[in-house]
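> Take a look at the following structure, please.
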Amino acid sequence: MLLDAPSLVLVAALGMIAAVVGGIGGFGTGIILTAALAPLIGVKSVIPVLAVAGAIINGGRFWFYRASLERRMLVLVLACALPFLVLGTWIYSMLDARVIGMVLGTVVILSVPLRRALNRRKIALGRTGLGVGASVFGLASGLTSGVGVILVSLLLGTGLSGQAVLATDALVSIALDLCKAALFQRFALLDEQTIVTGVVIGVATIPGSAIAAWLVNRMHAHLHVVFLEALILIGGVSLLWNSWR
């Protein structure tokens, strides 16, 4: 595997905590894991590992919210996002590690003001707006991880809320992660070590998804936004630092 046993255990434990955050709010898991993995395995290996882990992470999340899936939104988002995901993944395969680190760090940091701006505006999106936004989301997903805030904000903008957002976001993410994994293998960025590492991290997050579902269903829990944004900003700065170190 890409990590030694102690490091893998530590990252797996962090993944479970990240899954609680992502399961409650719909985003944050990828950002936290990206920041943790980058200094350990290098920025070039982060996205392939998380493509494998992400399919399992979102699979666990979808299972707990599956009854609330909005199928029409799912079909529209996938139809618009997948072609641009292919483009973004190809661009990713051509970039060197330092550029990828800069892209990852910048996207992670900018996700904080982006989320706040989208929440303030509360613009109701129609099918055209959702399709355009899904295309941008697909391109960004091919280039980096931790961009779930974009899709969550888009779905909220259409009028969806609560578990419908979480279920639809999770199934879209599963489809994109599987597509990314296949593309990374095609571009020789996904090998056996990467797959095994991603599977171990992904399986470790399943208890976190279960805890998040319990909180959402029984306590109507909300993310502590200031705490999450602090984690995001620290993670973004860490990525920038490690990419230029």
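Identifiers for the structure tokens are assigned positionally: chains receive A, B, ... in sequence, residues are indexed from 1 per chain, and ligands are indexed from 1 in the order shown.
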What lies within 8 Å of range 178-187 of chain A using only C-alpha atoms, ignoring chain neighbours under 2 positions off, as a PyMOL selection string?
chain A and resi 48+51-52+55+85-86+89-90+93+142+174-176+189-191
> With C-alpha atoms retained, write the just-selected residues as a short mmCIF file (atom, residue, chain, number, x, y, z; two decimals), in the first residue's frame.

data_model
loop_
_atom_site.label_atom_id
_atom_site.label_comp_id
_atom_site.auth_asym_id
_atom_site.auth_seq_id
_atom_site.Cartn_x
_atom_site.Cartn_y
_atom_site.Cartn_z
CA PRO A 48 -6.77 8.48 -7.64
CA ALA A 51 -11.63 8.24 -6.39
CA VAL A 52 -11.57 4.67 -5.04
CA ALA A 55 -17.09 5.47 -4.20
CA LEU A 85 -15.38 14.96 -15.85
CA VAL A 86 -13.57 13.13 -18.65
CA THR A 89 -9.41 14.00 -15.65
CA TRP A 90 -7.41 14.19 -18.88
CA SER A 93 -3.17 13.46 -16.05
CA GLY A 142 -11.85 15.69 -12.69
CA ILE A 174 -20.51 7.49 -6.66
CA ALA A 175 -21.00 7.58 -10.43
CA LEU A 176 -18.30 10.23 -10.87
CA LEU A 189 -2.47 6.75 -12.48
CA LEU A 190 -4.29 3.93 -10.68
CA ASP A 191 -2.42 0.77 -9.69
#
> With only C-alpha atoms as the counted atoms, please give the residues lying no more than 7 Å from Ser209 in chain A, apart from itself and same-chain residues fewer than 3 positions off, as a VMD selection string.
chain A and resid 19 to 20 23 60 to 61 205 to 206 212 to 213
> So which residues touch Ser161 in chain A within 12 Å, counting only C-alpha atoms, skipping near sequence neighbours fewer than 5 positions away, as a list in words?
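Neighbouring residues, sequence-local ones excluded: Gly25, Gly26, Ser68, Leu69, Glu70, Val152, Ser153, Leu154, Leu155, Leu156, Leu166, Ala167, Thr168 and Asp169 of chain A.
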> Please compute the CA of Lys44 in chain A-CA of Thr29 in chain A distance, one decimal, in Å.
18.6 Å
> Could you pull out the helix (DSSP H, G or I) residues of range 150-241 of chain A, going by DSSP on the backbone, and write them as a ChimeraX atom specification?
/A:150-157,162-186,192-204,206-219,225-241
> Need the shell around Ile109 in chain A: protein/DNA/RNA residues with any atom at most 6 Å away, counting only C-alpha atoms. Skip same-chain ones fewer than 2 positions apart. Format as a ChimeraX atom specification?
/A:106-107,111,233,236
> Restricting the output to N, CA, C and O atoms, write the selected residues as an mmCIF file, in the first residue's frame.

data_model
loop_
_atom_site.group_PDB
_atom_site.id
_atom_site.type_symbol
_atom_site.label_atom_id
_atom_site.label_comp_id
_atom_site.auth_asym_id
_atom_site.auth_seq_id
_atom_site.Cartn_x
_atom_site.Cartn_y
_atom_site.Cartn_z
ATOM 1 N N THR A 106 -5.826 25.947 -3.843
ATOM 2 C CA THR A 106 -6.627 27.118 -4.203
ATOM 3 C C THR A 106 -8.109 26.803 -4.198
ATOM 4 O O THR A 106 -8.928 27.576 -3.677
ATOM 5 N N VAL A 107 -8.481 25.647 -4.772
ATOM 6 C CA VAL A 107 -9.898 25.261 -4.814
ATOM 7 C C VAL A 107 -10.441 25.072 -3.406
ATOM 8 O O VAL A 107 -11.562 25.517 -3.083
ATOM 9 N N SER A 111 -13.380 27.434 -1.693
ATOM 10 C CA SER A 111 -14.685 26.833 -1.430
ATOM 11 C C SER A 111 -15.412 27.517 -0.278
ATOM 12 O O SER A 111 -16.645 27.504 -0.209
ATOM 13 N N LEU A 233 -9.949 25.875 5.534
ATOM 14 C CA LEU A 233 -8.885 26.847 5.284
ATOM 15 C C LEU A 233 -7.522 26.308 5.703
ATOM 16 O O LEU A 233 -6.532 26.483 4.991
ATOM 17 N N GLY A 236 -6.459 23.831 3.079
ATOM 18 C CA GLY A 236 -6.035 24.485 1.843
ATOM 19 C C GLY A 236 -4.640 25.066 1.950
ATOM 20 O O GLY A 236 -3.810 24.909 1.043
#
> Considering only C-alpha atoms, return as a list in words whatever protein or nucleic-acid residues lie within 8 Å of Pro83 in chain A, sequence-local ones (same chain, fewer than 3 positions apart) excluded.
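So the residues in contact are Ala79, Cys80, Val86, Leu87, Ser135 and Gly138 of chain A.
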> For a test of reading the model, state the distance in Å between CA of Ala36 in chain A and CA of Leu78 in chain A, rounded to one decimal.
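It comes out at 28.7 Å.
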> At a cut-off of 8 Å, using only C-alpha atoms, what residues contact Thr194 in chain A? Leave out same-chain residues fewer than 4 positions from it and give the result as a list in words.
Met1, Leu2, Ser45, Pro48, Val49, Leu190 and Gly198 of chain A
> Take the selection from the previous step and output its residues with C-alpha atoms, as a compact mmCIF listing (two decimals), in the first residue's frame.

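To be explicit, this is the file written out as result_24.txt:
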# COMPACT_ATOMS: atom_id res chain seq x y z
CA MET A 1 0.00 0.00 0.00
CA LEU A 2 1.03 3.63 -0.39
CA SER A 45 -1.58 10.19 -5.90
CA PRO A 48 -6.77 8.48 -7.64
CA VAL A 49 -6.83 7.19 -4.04
CA LEU A 190 -4.29 3.93 -10.68
CA GLY A 198 -8.42 3.68 -1.29
> One decimal, Å: what's the distance from CA of Thr34 in chain A over to CA of Val200 in chain A, could you say?
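According to the coordinates, CA of Thr34 in chain A and CA of Val200 in chain A are separated by 15.3 Å.
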> Counting only C-alpha atoms, figure out which residue out of A:Ile56, A:Leu104, A:Val237, A:Leu40 gets nearest to Asp177 in chain A.
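Comparing A:Ile56, A:Leu104, A:Val237, A:Leu40 against Asp177 in chain A, the winner is A:Ile56.
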